[in-house]
Each structure stands twice: as C-alpha cells, then as structure tokens.
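See below for my_file-v4.csv, which holds CSV, C-alpha atoms and all ligand atoms.
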chain,number,residue,atom,x,y,z
H,1,MET,CA,35.9,61.0,-73.1
H,2,LYS,CA,33.6,63.3,-71.1
H,3,SER,CA,35.5,66.3,-69.8
H,4,VAL,CA,35.2,67.3,-66.1
H,5,VAL,CA,34.2,70.9,-65.3
H,6,LEU,CA,36.9,72.9,-63.5
H,7,PRO,CA,35.4,74.4,-60.3
H,8,LYS,CA,37.1,77.7,-60.9
H,9,THR,CA,39.7,79.3,-63.2
H,10,ASN,CA,41.7,82.5,-63.2
H,11,GLN,CA,41.4,85.4,-65.7
H,12,SER,CA,43.3,83.4,-68.3
H,13,GLY,CA,41.1,80.4,-68.0
H,14,TYR,CA,43.4,78.1,-66.1
H,15,TYR,CA,43.0,76.1,-62.9
H,16,GLU,CA,46.5,76.2,-61.2
H,17,MET,CA,48.2,74.1,-58.6
H,18,ARG,CA,51.6,74.7,-56.9
H,19,LEU,CA,53.4,71.9,-55.0
H,20,GLU,CA,55.9,73.0,-52.3
H,21,SER,CA,58.3,70.3,-51.3
H,22,ILE,CA,61.9,69.2,-50.7
H,23,GLY,CA,64.1,67.0,-52.8
H,24,GLY,CA,63.5,63.3,-52.0
H,25,LEU,CA,59.7,63.4,-51.3
H,26,GLY,CA,58.8,62.9,-54.9
H,27,ALA,CA,56.9,66.1,-55.7
H,28,ASN,CA,58.3,66.2,-59.2
H,29,LEU,CA,56.8,62.8,-60.1
H,30,CYS,CA,53.5,63.7,-58.3
H,31,GLY,CA,53.3,66.9,-60.5
H,32,LYS,CA,53.9,64.9,-63.6
H,33,MET,CA,51.2,62.4,-62.7
H,34,LEU,CA,48.7,65.2,-61.9
H,35,GLY,CA,49.5,66.7,-65.4
H,36,GLU,CA,48.9,63.3,-67.1
H,37,LEU,CA,45.8,62.7,-65.1
H,38,GLY,CA,44.2,65.8,-66.6
H,39,ILE,CA,44.9,64.8,-70.2
H,40,ARG,CA,44.3,61.0,-70.0
H,41,TYR,CA,41.4,60.7,-67.7
H,42,LEU,CA,39.7,64.0,-67.1
H,43,GLY,CA,39.3,65.3,-70.6
H,44,LEU,CA,41.4,68.5,-69.9
H,45,ASN,CA,44.4,70.1,-71.3
H,46,SER,CA,47.3,70.4,-68.8
H,47,ALA,CA,50.9,71.3,-68.4
H,48,SER,CA,53.2,70.5,-65.5
H,49,PHE,CA,56.8,71.3,-64.7
H,50,SER,CA,59.1,71.6,-61.7
H,51,SER,CA,61.9,73.8,-60.4
H,52,TYR,CA,64.5,72.5,-58.2
H,53,GLY,CA,68.0,73.4,-57.0
H,54,SER,CA,71.0,71.1,-56.8
H,55,GLU,CA,68.8,68.0,-56.6
H,56,LYS,CA,70.4,67.1,-53.3
H,57,THR,CA,68.0,65.5,-50.9
H,58,GLY,CA,66.5,68.3,-48.8
H,59,THR,CA,66.7,71.2,-51.3
H,60,PRO,CA,63.5,73.1,-52.0
H,61,VAL,CA,61.4,71.8,-54.9
H,62,LYS,CA,58.4,73.5,-56.5
H,63,GLY,CA,56.0,71.8,-58.9
H,64,TYR,CA,53.5,73.6,-61.1
H,65,ILE,CA,50.4,72.2,-62.8
H,66,ARG,CA,48.0,74.1,-65.0
H,67,TYR,CA,44.6,72.8,-66.3
H,68,CYS,CA,42.2,74.2,-68.8
H,69,ASP,CA,39.5,73.0,-71.1
H,70,ALA,CA,40.7,70.5,-73.8
H,71,GLU,CA,40.1,72.9,-76.7
H,72,LYS,CA,42.1,75.7,-75.2
H,73,GLU,CA,45.9,75.9,-75.7
H,74,ILE,CA,48.2,76.5,-72.8
H,75,ARG,CA,50.4,79.4,-73.8
H,76,VAL,CA,51.6,80.3,-70.3
H,77,HIS,CA,54.7,78.5,-68.9
H,78,SER,CA,55.6,80.7,-66.0
H,79,PRO,CA,55.7,79.6,-62.4
H,80,ILE,CA,52.3,79.8,-60.6
H,81,VAL,CA,52.1,82.7,-58.3
H,82,GLU,CA,48.5,82.6,-57.1
H,83,PRO,CA,47.5,78.9,-57.0
H,84,HIS,CA,43.9,77.6,-56.7
H,85,LEU,CA,45.5,74.7,-54.8
H,86,LEU,CA,48.7,74.9,-52.8
H,87,CYS,CA,50.1,71.5,-51.7
H,88,ILE,CA,52.8,71.5,-49.0
H,89,PHE,CA,54.6,68.2,-48.6
H,90,HIS,CA,56.0,68.8,-45.1
H,91,GLU,CA,54.8,70.9,-42.2
H,92,ALA,CA,58.3,72.1,-41.5
H,93,LEU,CA,58.3,74.0,-44.8
H,94,LEU,CA,55.8,76.4,-43.2
H,95,GLN,CA,58.7,77.7,-41.1
H,96,ASP,CA,59.5,79.7,-44.2
H,97,ARG,CA,56.4,81.8,-44.7
H,98,SER,CA,57.2,82.3,-48.3
H,99,VAL,CA,55.7,78.9,-49.2
H,100,LEU,CA,52.4,80.6,-48.5
H,101,ASN,CA,53.0,83.4,-51.0
H,102,GLY,CA,50.1,84.0,-53.3
H,103,CYS,CA,47.5,82.4,-51.0
H,104,CYS,CA,44.2,84.2,-51.6
H,105,SER,CA,40.5,83.7,-51.0
H,106,GLU,CA,40.5,81.2,-54.0
H,107,THR,CA,43.3,79.0,-52.6
H,108,THR,CA,42.8,75.6,-50.9
H,109,VAL,CA,45.9,74.5,-49.0
H,110,VAL,CA,46.7,70.8,-48.6
H,111,LEU,CA,49.3,70.0,-45.9
H,112,ASN,CA,51.1,66.9,-44.9
H,113,THR,CA,50.9,66.9,-41.1
H,114,GLU,CA,49.7,65.0,-38.1
H,115,LYS,CA,47.9,68.1,-36.8
H,116,THR,CA,44.3,68.8,-37.3
H,117,ALA,CA,43.1,71.4,-39.8
H,118,GLN,CA,42.0,73.6,-36.9
H,119,GLU,CA,45.4,73.5,-35.3
H,120,ILE,CA,47.1,74.4,-38.6
H,121,VAL,CA,44.7,77.4,-39.1
H,122,ASP,CA,45.4,78.6,-35.5
H,123,ASN,CA,49.2,78.1,-35.8
H,124,TYR,CA,49.9,79.4,-39.3
H,125,PHE,CA,46.9,81.2,-40.8
H,126,SER,CA,45.5,83.3,-38.0
H,127,GLY,CA,47.9,83.0,-35.1
H,128,GLU,CA,50.7,85.3,-33.9
H,129,LYS,CA,52.7,84.8,-37.1
H,130,GLY,CA,50.1,86.8,-38.9
H,131,ARG,CA,47.0,86.1,-41.0
H,132,VAL,CA,47.0,84.5,-44.3
H,133,GLN,CA,43.9,84.2,-46.5
H,134,ALA,CA,42.7,80.9,-48.0
H,135,ALA,CA,39.5,79.3,-49.1
H,136,GLY,CA,40.2,76.2,-47.1
H,137,VAL,CA,42.8,74.1,-45.3
H,138,CYS,CA,43.1,70.4,-45.7
H,139,THR,CA,45.4,68.1,-43.7
H,140,ILE,CA,46.6,64.6,-44.3
H,141,PRO,CA,49.1,62.6,-42.2
H,142,ALA,CA,50.9,61.5,-45.4
H,143,GLN,CA,54.1,60.5,-43.7
H,144,ARG,CA,52.3,58.1,-41.3
H,145,ILE,CA,50.1,56.7,-44.1
H,146,ALA,CA,53.1,56.1,-46.3
H,147,MET,CA,54.9,54.2,-43.5
H,148,GLU,CA,51.9,52.1,-42.6
H,149,SER,CA,51.0,51.2,-46.2
H,150,HIS,CA,54.6,51.0,-47.4
H,151,ALA,CA,53.8,53.6,-50.1
H,152,ARG,CA,55.7,56.7,-51.0
H,153,VAL,CA,54.7,60.1,-49.5
H,154,ASN,CA,54.1,61.5,-53.0
H,155,VAL,CA,51.4,59.0,-53.9
H,156,VAL,CA,49.6,59.7,-50.6
H,157,MET,CA,49.8,63.4,-51.4
H,158,LEU,CA,48.6,62.7,-54.9
H,159,GLY,CA,45.4,61.1,-53.6
H,160,ALA,CA,44.9,64.0,-51.1
H,161,VAL,CA,45.4,66.6,-53.9
H,162,VAL,CA,42.8,65.0,-56.1
H,163,ALA,CA,40.3,64.8,-53.2
H,164,ALA,CA,40.9,68.4,-52.3
H,165,CYS,CA,40.6,69.8,-55.8
H,166,GLY,CA,37.2,68.1,-56.3
H,167,PHE,CA,37.3,67.3,-60.0
H,168,GLY,CA,39.2,64.0,-60.1
H,169,SER,CA,38.0,60.6,-59.1
H,170,LEU,CA,39.8,57.9,-57.0
H,171,ASP,CA,39.6,55.5,-59.9
H,172,ALA,CA,41.2,57.9,-62.3
H,173,VAL,CA,44.1,58.7,-60.0
H,174,GLN,CA,44.7,55.0,-59.2
H,175,GLN,CA,44.7,54.3,-63.0
H,176,ILE,CA,47.4,57.0,-63.6
H,177,CYS,CA,49.5,55.4,-60.9
H,178,LYS,CA,49.2,52.0,-62.6
H,179,ASP,CA,50.2,53.6,-65.9
H,180,THR,CA,53.2,55.4,-64.4
H,181,LEU,CA,54.5,53.1,-61.7
H,182,GLY,CA,52.9,49.8,-62.6
H,183,LYS,CA,55.5,48.7,-65.2
H,184,LYS,CA,58.5,50.3,-63.5
H,185,TYR,CA,57.9,49.2,-59.9
H,186,PRO,CA,55.3,46.4,-60.1
H,187,GLU,CA,56.3,45.0,-56.8
H,188,SER,CA,55.3,48.2,-55.0
H,189,LEU,CA,52.1,48.9,-57.0
H,190,GLU,CA,49.6,47.5,-54.5
H,191,ALA,CA,51.2,49.5,-51.6
H,192,ASN,CA,51.1,52.7,-53.7
H,193,LEU,CA,47.5,52.2,-54.7
H,194,GLU,CA,46.6,51.8,-51.0
H,195,GLY,CA,48.6,55.0,-50.2
H,196,ILE,CA,46.6,56.9,-52.9
H,197,GLN,CA,43.3,55.5,-51.6
H,198,ARG,CA,44.1,56.5,-48.0
H,199,GLY,CA,45.3,59.9,-49.1
H,200,TYR,CA,42.0,60.4,-51.0
H,201,GLN,CA,39.8,59.1,-48.2
H,202,GLU,CA,41.5,60.4,-45.0
H,203,LEU,CA,41.9,64.0,-46.1
H,204,GLN,CA,40.5,66.4,-43.4
H,205,LYS,CA,38.9,69.5,-44.8
H,206,MET,CA,38.1,72.8,-43.2
H,207,GLU,CA,36.6,75.9,-44.8
H,208,PHE,CA,38.4,79.0,-44.0
H,209,GLU,CA,37.0,82.4,-42.9
H,210,ALA,CA,38.1,85.2,-45.2
H,211,ASP,CA,39.9,87.9,-43.4
H,212,SER,CA,40.1,91.4,-44.9
H,213,SER,CA,43.2,92.3,-42.9
H,214,HIS,CA,45.4,89.8,-44.6
H,215,GLU,CA,46.6,91.9,-47.4
H,216,GLU,CA,48.9,94.1,-45.4
H,217,ILE,CA,50.5,91.0,-43.7
H,218,GLU,CA,50.8,89.2,-47.0
H,219,GLN,CA,52.6,92.2,-48.5
H,220,ARG,CA,55.0,92.4,-45.5
H,221,ASP,CA,55.7,88.7,-45.7
H,222,LYS,CA,56.4,89.0,-49.4
H,223,LYS,CA,58.8,91.9,-48.8
H,224,GLU,CA,60.6,90.1,-46.0
H,225,SER,CA,60.9,86.8,-47.8
H,226,GLN,CA,61.6,87.6,-51.4
H,227,TRP,CA,64.5,88.9,-53.3
H,228,GLY,CA,63.4,90.8,-56.3
H,229,TYR,CA,65.0,93.5,-58.5
H,230,GLU,CA,64.4,96.1,-55.7
H,231,THR,CA,65.7,94.0,-52.8
H,232,ALA,CA,68.4,91.7,-54.2
H,233,PRO,CA,71.9,92.4,-53.0
H,234,ILE,CA,74.3,94.1,-55.4
H,235,GLY,CA,75.6,91.6,-57.9
H,236,GLY,CA,73.1,89.0,-56.8
H,237,ILE,CA,75.5,87.7,-54.2
H,238,ASN,CA,74.1,85.8,-51.2
H,239,PRO,CA,75.3,87.9,-48.3
H,240,HIS,CA,74.6,85.3,-45.6
H,241,LEU,CA,78.0,84.0,-44.6
H,242,GLY,CA,78.2,80.2,-44.2
H,243,SER,CA,74.7,80.0,-45.6
H,244,SER,CA,74.8,76.2,-45.9
H,245,VAL,CA,74.4,76.1,-42.1
H,246,ILE,CA,71.5,78.5,-41.9
H,247,SER,CA,69.3,75.9,-43.5
H,248,ASP,CA,66.9,74.1,-41.3
H,249,LEU,CA,67.0,70.6,-42.8
H,250,SER,CA,64.3,69.1,-40.5
H,251,ALA,CA,62.0,69.0,-43.4
H,252,SER,CA,64.3,66.6,-45.3
H,253,ARG,CA,63.9,63.9,-42.8
H,254,GLN,CA,61.6,61.1,-43.8
H,255,GLY,CA,60.5,59.7,-40.5
H,256,TYR,CA,63.8,58.6,-39.0
H,257,ILE,CA,66.4,60.3,-36.8
H,258,PRO,CA,69.6,59.1,-35.3
H,259,ILE,CA,69.2,58.6,-31.5
H,260,PHE,CA,72.3,59.1,-29.4
H,261,ARG,CA,73.2,56.8,-26.5
H,262,PRO,CA,76.1,58.5,-24.8
H,263,GLU,CA,76.9,55.7,-22.4
H,264,LYS,CA,78.0,53.6,-25.4
H,265,CYS,CA,80.0,56.4,-27.1
H,266,ILE,CA,83.8,56.0,-27.3
H,267,ASN,CA,84.2,59.5,-28.9
H,268,CYS,CA,85.9,58.2,-32.0
H,269,ALA,CA,84.3,61.0,-34.1
H,270,LEU,CA,83.5,58.7,-37.0
H,271,CYS,CA,80.0,60.1,-37.0
H,272,ASP,CA,81.3,63.7,-37.2
H,273,SER,CA,83.6,62.8,-40.1
H,274,THR,CA,80.8,61.1,-41.9
H,275,CYS,CA,77.9,63.6,-41.3
H,276,PRO,CA,77.6,66.0,-44.2
H,277,ASP,CA,75.7,68.6,-42.2
H,278,MET,CA,77.6,69.7,-39.0
H,279,VAL,CA,75.2,67.9,-36.6
H,280,PHE,CA,77.5,66.5,-34.0
H,281,GLN,CA,78.6,68.8,-31.2
H,282,PHE,CA,82.0,67.9,-29.8
H,283,GLU,CA,83.4,69.8,-26.9
H,284,LYS,CA,86.4,69.6,-24.6
H,285,GLY,CA,85.6,67.1,-21.8
H,286,ILE,CA,86.9,64.1,-19.9
H,287,TYR,CA,86.7,60.5,-21.2
H,288,LYS,CA,88.4,57.6,-19.4
H,289,ASP,CA,90.2,60.1,-17.1
H,290,ARG,CA,91.7,61.9,-20.1
H,291,GLU,CA,90.9,65.3,-21.5
H,292,MET,CA,89.7,65.1,-25.0
H,293,MET,CA,87.0,66.2,-27.4
H,294,VAL,CA,83.7,64.5,-26.3
H,295,ASN,CA,80.5,64.0,-28.3
H,296,LYS,CA,77.9,66.0,-26.4
H,297,GLY,CA,74.9,65.7,-28.6
H,298,LEU,CA,73.3,66.5,-32.0
H,299,ASP,CA,71.9,69.7,-33.5
H,300,TYR,CA,68.9,68.2,-35.2
H,301,TYR,CA,68.1,71.4,-37.1
H,302,HIS,CA,70.9,70.4,-39.5
H,303,CYS,CA,70.1,66.7,-39.6
H,304,LYS,CA,68.5,65.4,-42.8
H,305,GLY,CA,68.0,61.9,-41.4
H,306,CYS,CA,70.3,60.1,-43.9
H,307,LEU,CA,71.4,57.8,-41.0
H,308,ARG,CA,75.0,57.5,-42.4
H,309,CYS,CA,76.2,58.2,-38.9
H,310,VAL,CA,74.2,55.2,-37.6
H,311,ASP,CA,75.9,53.0,-40.2
H,312,VAL,CA,79.4,54.0,-39.2
H,313,CYS,CA,79.1,54.1,-35.4
H,314,PRO,CA,81.2,51.1,-34.2
H,315,THR,CA,79.6,50.7,-30.8
H,316,GLY,CA,75.9,51.2,-31.4
H,317,ALA,CA,76.0,54.6,-29.7
H,318,LEU,CA,73.8,55.9,-32.6
H,319,VAL,CA,70.7,54.0,-33.5
H,320,ARG,CA,67.8,54.6,-35.9
H,321,GLY,CA,64.8,56.1,-34.2
H,322,ILE,CA,61.3,57.0,-35.4
H,323,GLU,CA,61.0,60.8,-35.2
H,324,ALA,CA,57.3,60.8,-34.4
H,325,GLU,CA,58.1,58.9,-31.2
H,326,CYS,CA,60.7,61.5,-30.2
H,327,GLU,CA,58.8,64.7,-29.7
H,328,HIS,CA,61.4,66.0,-27.2
H,329,LYS,CA,64.7,65.0,-28.8
H,330,GLU,CA,67.0,63.9,-26.1
H,331,HIS,CA,70.6,65.0,-26.5
H,332,PHE,CA,69.6,67.8,-28.8
H,333,LEU,CA,72.3,70.5,-28.5
H,334,PRO,CA,72.2,73.7,-30.6
H,335,ASN,CA,75.5,74.4,-32.3
H,336,LYS,CA,77.1,77.0,-30.0
H,337,ASP,CA,79.6,78.0,-32.7
H,338,LEU,CA,76.9,79.5,-34.8
H,339,LEU,CA,75.5,83.0,-34.2
H,340,ARG,CA,71.8,83.1,-34.1
H,341,LYS,CA,68.7,85.0,-33.3
H,342,PRO,CA,67.8,83.1,-30.2
H,343,ASP,CA,64.1,83.3,-30.0
H,344,TYR,CA,63.5,82.8,-33.7
H,345,TYR,CA,65.7,79.7,-33.6
H,346,GLU,CA,63.9,78.2,-30.6
H,347,LYS,CA,60.4,78.8,-32.1
H,348,SER,CA,61.0,78.2,-35.8
H,349,GLY,CA,64.1,76.3,-36.5
H,350,ALA,CA,67.5,77.4,-37.7
H,351,ASP,CA,67.8,80.7,-39.4
H,352,GLY,CA,70.2,83.7,-39.3
H,353,TYR,CA,73.2,81.4,-38.6
H,354,ILE,CA,76.7,82.0,-39.6
H,355,THR,CA,79.6,79.8,-38.8
H,356,SER,CA,82.1,81.1,-36.2
H,357,GLU,CA,84.8,80.9,-38.9
H,358,SER,CA,82.8,83.1,-41.2
H,359,TYR,CA,81.9,85.4,-38.4
H,360,LEU,CA,85.6,85.8,-37.4
H,361,THR,CA,86.5,86.5,-41.0
H,362,LEU,CA,83.9,89.2,-41.3
H,363,GLU,CA,85.0,90.8,-38.1
H,364,ARG,CA,88.6,90.8,-39.3
H,365,VAL,CA,87.6,92.3,-42.7
H,366,GLU,CA,85.6,95.0,-40.9
H,367,GLY,CA,88.5,95.7,-38.6
H,368,GLY,CA,86.8,94.3,-35.5
H,369,GLU,CA,88.7,92.6,-32.7
H,370,VAL,CA,88.5,88.8,-32.6
H,401,LIG,S1,80.7,57.2,-34.2
H,401,LIG,FE1,79.5,56.4,-32.4
H,401,LIG,S2,81.1,56.0,-30.9
H,401,LIG,FE2,82.1,57.2,-32.4
H,401,LIG,S3,81.8,59.4,-31.6
H,401,LIG,FE3,80.1,59.0,-32.9
H,401,LIG,S4,78.5,58.3,-31.6
H,401,LIG,FE4,80.4,58.1,-30.5
H,402,LIG,S1,71.4,61.2,-40.0
H,402,LIG,FE1,73.5,61.3,-39.1
H,402,LIG,S2,74.9,61.6,-40.8
H,402,LIG,FE2,72.8,62.1,-41.6
H,402,LIG,S3,72.6,64.3,-41.4
H,402,LIG,FE3,71.7,63.3,-39.5
H,402,LIG,S4,73.4,63.3,-38.1
H,402,LIG,FE4,74.3,63.7,-40.1
What do you get writing this file as structure tokens?
Amino acid sequence: MKSVVLPKTNQSGYYEMRLESIGGLGANLCGKMLGELGIRYLGLNSASFSSYGSEKTGTPVKGYIRYCDAEKEIRVHSPIVEPHLLCIFHEALLQDRSVLNGCCSETTVVLNTEKTAQEIVDNYFSGEKGRVQAAGVCTIPAQRIAMESHARVNVVMLGAVVAACGFGSLDAVQQICKDTLGKKYPESLEANLEGIQRGYQELQKMEFEADSSHEEIEQRDKKESQWGYETAPIGGINPHLGSSVISDLSASRQGYIPIFRPEKCINCALCDSTCPDMVFQFEKGIYKDREMMVNKGLDYYHCKGCLRCVDVCPTGALVRGIEAECEHKEHFLPNKDLLRKPDYYEKSGADGYITSESYLTLERVEGGEV
C-alpha cells in the first residue's frame, strides 16, 4: 500500500488530533475509526485512545489520535496537548475555554455548529472572550446532517475530520465505516455512509490570521481553567459545593428538548421526580383555587434532553420539541435556588452555581447567619 504523506508533524515526528466531546456523541468510536483508517488504508502507523469520566451521557470525553510514518514506532502514549487538528463535537463545549487549550498556529479546528466559520472566528477566536491562535477554522452542521441522513453525529464528524486534515480520501473513510459498522449495524450502514459523505463534502473552511498577541491570553486561559500541581486545592478536593449543578448540560442534548405547555399541566410533579438534573422549577402558587407548588418552567441549562419527563407526563403538558426550532426557549426559568454569577450565566451558560442547601451549610459552618 502506498503511504500518504503527512502534511506536518511535531518535533517527535507525529501528526496529532484531539477530539473534544461529551458522552453519547460517539467520539470514542470516531477516534478508533480514525486510528484504524491510518493503519489499514493510509499506510501510516497510528494509535488512538480516549479518556472519559463516569460514562454517563453528557460527561466530557476526549479522544486522542497519533499518526506517523509506517516504519516509525509510536512510543508516546500521553494525552495530546498541542494538536494539529482539534475536533469539537458540539459548539456548547466552547463555553468552557479549556477545550481550546493547546491551539497554536499549527492547529486546524473543526467544529460542529450551524454557524459559519467567520461567525465562529468572531465569537470565539478574536472576539471579546480573547484571541486564540489557529491555522484555520472549519465548521460543519453535523447535528442537522445526522438528523437529515439518519446517521450518527460521530460519522458526520469523521467525514469532516478527514476532509479537514487533508490526507485521507472519502473512499478510504467510507471503507473503514463499512469495516467497523457494516457487520454490526448493517441496517444503518447506508445512512452512515451518506453522513460521512456529507460531512466530507459540506465542510466549510476558513484560513485564520495568526495573531501575535494570543500567547498572553492563552496563558491566562490556561491558568484560569486548569488545575495543576500549583493550583489544585489541598487534598485534591473539589471545592465547588453542589458541583453537579454547576454543570451546563446543554451540550448533552442531541437535538431534542422538552417543551412545556402550562395550560395542560396539573402540577402532579411526576416530571420533577423523574428528571435527574433539577430542571423543573416549582414555586408556591395557586392551582384550581388552592395554594400549592406549581410548575413554573424549566432551567434548560441542566437539561440533557433525555425526554424522560415527556414520557411520564400524564397530560401532554410536556412534549418533544426540536431544539433548533426553539431559539428562544419559552418557559425557560433559571433556578432561583442556585447562587450564580449573573452575567456569566446569561452569556455562557451555567457556572459558579451552588445549591441553596449547600450554600446554607457553608454559611453555618463559617458562622454566618442563615
Ligand atoms: S408531569 Fe406533566 S402534568 Fe405533571 S407537573 Fe410535570 S408537566 Fe405538569
Ligand atoms: S429531558 Fe426532561 S427529564 Fe431529561 S433532563 Fe431534560 S427536563 Fe430532565
């Protein structure tokens, strides 16, 4: 087999990719297929591995792929810090700037978004959030393509990554999909091949102007977003009380959200008992001339779109909606029990939250009045 020529390599002779994703979008499998693509069809040596947390849908997942010439051995198995290609599976992940760590003038960024590459550059690479250096930004509306072609997001991103890196062919990546998914899921193979093709062909690329002032900002972002041996809290304990609710789970949603129709709601609270993520906001109110706890709305920052609430609602007060059609979510109600940094929350999603219960405990421990 004729080997492809890697367009660039680092000092150790590797071309490196990093996938930033969340559990449920299939980045792990995408990374494995990219690794196998190198060995089976590109005449390269490659290694791929992933790191993930509790494996719950919605938790951060990172995938790492290294390529090098076939005769070279891969002796490095550490996470990739400065990737040549950085693939982000959901735009909402950019709310945490640490996903851009390691971006440099060699890095091409591929992002799943409905926005244009220019909008992404303006919003995240050179806007008010600070400058980040990159060689280019590529965008692909992978979620929409996946829904239209009945494929998975990960295969659309697979096609987009291969198009962006410039050294794989559409034929080769479709072949690796046939090898990997063809026997296991033959009924969905055609849809996945179409997803790969559209990811490969509909990628929008934009070269990026290098900016010499990026370094300072990159360093600042790194300091703010990372815990290392200098910055980790004593004992390695997470000091954010109630940290399960500081998570913005928007990125976990895969195109659907629950839509609330209050006129049908009988305030039975089945949705609240079922929802694993504190989304429903019940407050004292009047229902049928009686004072009771009334469902006032949803805090979508904590909603991962599992739609269990829709299943249990007995009256149809919750229905499945397509998120892309609901830009301004009606009945969105931020959780008032959580302390927050207001402007950061409004602009970027949930962060800095603690539950009222945890807050009260802290106040008591520190001798404050509650
Ligand atoms: S389950 Fe349905 S009817 Fe019951 S409180 Fe929730 S939204 Fe209202
Ligand atoms: S879809 Fe419903 S049950 Fe699932 S996280 Fe969102 S509000 Fe909760």
Write as number ranges by chain the residues around ligand LIG 402 (chain H), taking 8 Å as the cut-off and counting all atoms listed in the file.
-> H: 257-258, 271-272, 274-280, 298, 300, 302-310
Selection to disk with C-alpha atoms, as a tab-separated table (two decimals), in the coordinates of the input:
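Output (selection_14.tsv):
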chain	number	residue	atom	x	y	z
H	257	ILE	CA	66.40	60.30	-36.80
H	258	PRO	CA	69.60	59.10	-35.30
H	271	CYS	CA	80.00	60.10	-37.00
H	272	ASP	CA	81.30	63.70	-37.20
H	274	THR	CA	80.80	61.10	-41.90
H	275	CYS	CA	77.90	63.60	-41.30
H	276	PRO	CA	77.60	66.00	-44.20
H	277	ASP	CA	75.70	68.60	-42.20
H	278	MET	CA	77.60	69.70	-39.00
H	279	VAL	CA	75.20	67.90	-36.60
H	280	PHE	CA	77.50	66.50	-34.00
H	298	LEU	CA	73.30	66.50	-32.00
H	300	TYR	CA	68.90	68.20	-35.20
H	302	HIS	CA	70.90	70.40	-39.50
H	303	CYS	CA	70.10	66.70	-39.60
H	304	LYS	CA	68.50	65.40	-42.80
H	305	GLY	CA	68.00	61.90	-41.40
H	306	CYS	CA	70.30	60.10	-43.90
H	307	LEU	CA	71.40	57.80	-41.00
H	308	ARG	CA	75.00	57.50	-42.40
H	309	CYS	CA	76.20	58.20	-38.90
H	310	VAL	CA	74.20	55.20	-37.60
From H:Met17, H:Ala134, H:Leu249, H:Met293, residue lying nearest Cys268 in chain H [all atoms listed in the file] = H:Met293
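A distance search around ligand LIG 401 (chain H) (6 Å at most, all atoms listed in the file) returns the following protein and nucleic acid residues: Cys265, Ile266, Asn267, Cys268, Ala269, Leu270, Cys271, Asn295, Cys313, Pro314, Thr315, Ala317 and Leu318 of chain H.
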Kindly save the residues from that selection, with C-alpha atoms included, as a PDB file, in the coordinates of the input.
ATOM      1  CA  CYS H 265      80.000  56.400 -27.100  1.00  0.00           C
ATOM      2  CA  ILE H 266      83.800  56.000 -27.300  1.00  0.00           C
ATOM      3  CA  ASN H 267      84.200  59.500 -28.900  1.00  0.00           C
ATOM      4  CA  CYS H 268      85.900  58.200 -32.000  1.00  0.00           C
ATOM      5  CA  ALA H 269      84.300  61.000 -34.100  1.00  0.00           C
ATOM      6  CA  LEU H 270      83.500  58.700 -37.000  1.00  0.00           C
ATOM      7  CA  CYS H 271      80.000  60.100 -37.000  1.00  0.00           C
ATOM      8  CA  ASN H 295      80.500  64.000 -28.300  1.00  0.00           C
ATOM      9  CA  CYS H 313      79.100  54.100 -35.400  1.00  0.00           C
ATOM     10  CA  PRO H 314      81.200  51.100 -34.200  1.00  0.00           C
ATOM     11  CA  THR H 315      79.600  50.700 -30.800  1.00  0.00           C
ATOM     12  CA  ALA H 317      76.000  54.600 -29.700  1.00  0.00           C
ATOM     13  CA  LEU H 318      73.800  55.900 -32.600  1.00  0.00           C
TER      14      LEU H 318
END
Long-range neighbours of Gly43 in chain H as number ranges by chain, 7 Å cut-off, all atoms listed in the file, 3 positions minimum in chain = H: 1-4, 38-40, 70
Set the distance at 8 Å and use only C-alpha atoms: which residues neighbour range 115-127 of chain H once local chain neighbours fewer than 3 positions away are removed? I'd like the list as a JSON list (two decimals) with C-alpha atoms, keeping the file's coordinate frame.
[["chain", "number", "residue", "atom", "x", "y", "z"],
["H", 94, "LEU", "CA", 55.80, 76.40, -43.20],
["H", 130, "GLY", "CA", 50.10, 86.80, -38.90],
["H", 131, "ARG", "CA", 47.00, 86.10, -41.00],
["H", 132, "VAL", "CA", 47.00, 84.50, -44.30],
["H", 133, "GLN", "CA", 43.90, 84.20, -46.50],
["H", 137, "VAL", "CA", 42.80, 74.10, -45.30],
["H", 138, "CYS", "CA", 43.10, 70.40, -45.70],
["H", 139, "THR", "CA", 45.40, 68.10, -43.70],
["H", 141, "PRO", "CA", 49.10, 62.60, -42.20],
["H", 204, "GLN", "CA", 40.50, 66.40, -43.40],
["H", 205, "LYS", "CA", 38.90, 69.50, -44.80],
["H", 206, "MET", "CA", 38.10, 72.80, -43.20]]
Shell around Phe167 in chain H at 12 Å using all atoms listed in the file, local window under 3 positions removed, as a PyMOL selection string = chain H and resi 3-8+15+34+37-38+41-44+67+161-164+170+172-173
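Distance check against Leu86 in chain H using only C-alpha atoms: of H:Asp69, H:Glu187, H:Glu16, H:Glu148, the minimum falls on H:Glu16.
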How far is it from CA of Ala135 in chain H to CA of Ser105 in chain H, in Å with one decimal?
-> 4.9 Å
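Atom pair CA of Leu203 in chain H / CA of Pro186 in chain H: separated by 26.2 Å.
Compared by their closest atoms to Ala146 in chain H, and using only C-alpha atoms, the residues H:Gly166, H:Thr107, H:Glu36, H:Gly199 rank with H:Gly199 nearest.
Of the listed residues (H:Lys284, H:Arg198, H:Lys72, H:Arg18), H:Arg18 comes nearest to Ser51 in chain H; the distances count only C-alpha atoms.
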Tell me, in Å to one decimal, how far CA of Arg97 in chain H is from CA of Met157 in chain H.
-> 20.7 Å
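Closest approach to Gly26 in chain H from the set H:Cys103, H:Ile145, H:Val155, H:Ile74 is made by H:Val155, with distances taken over all atoms listed in the file.
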Judged by only C-alpha atoms, the minimum distance to Ser250 in chain H among H:Val110, H:Ala160, H:Leu181, H:Ile22 is found for H:Ile22
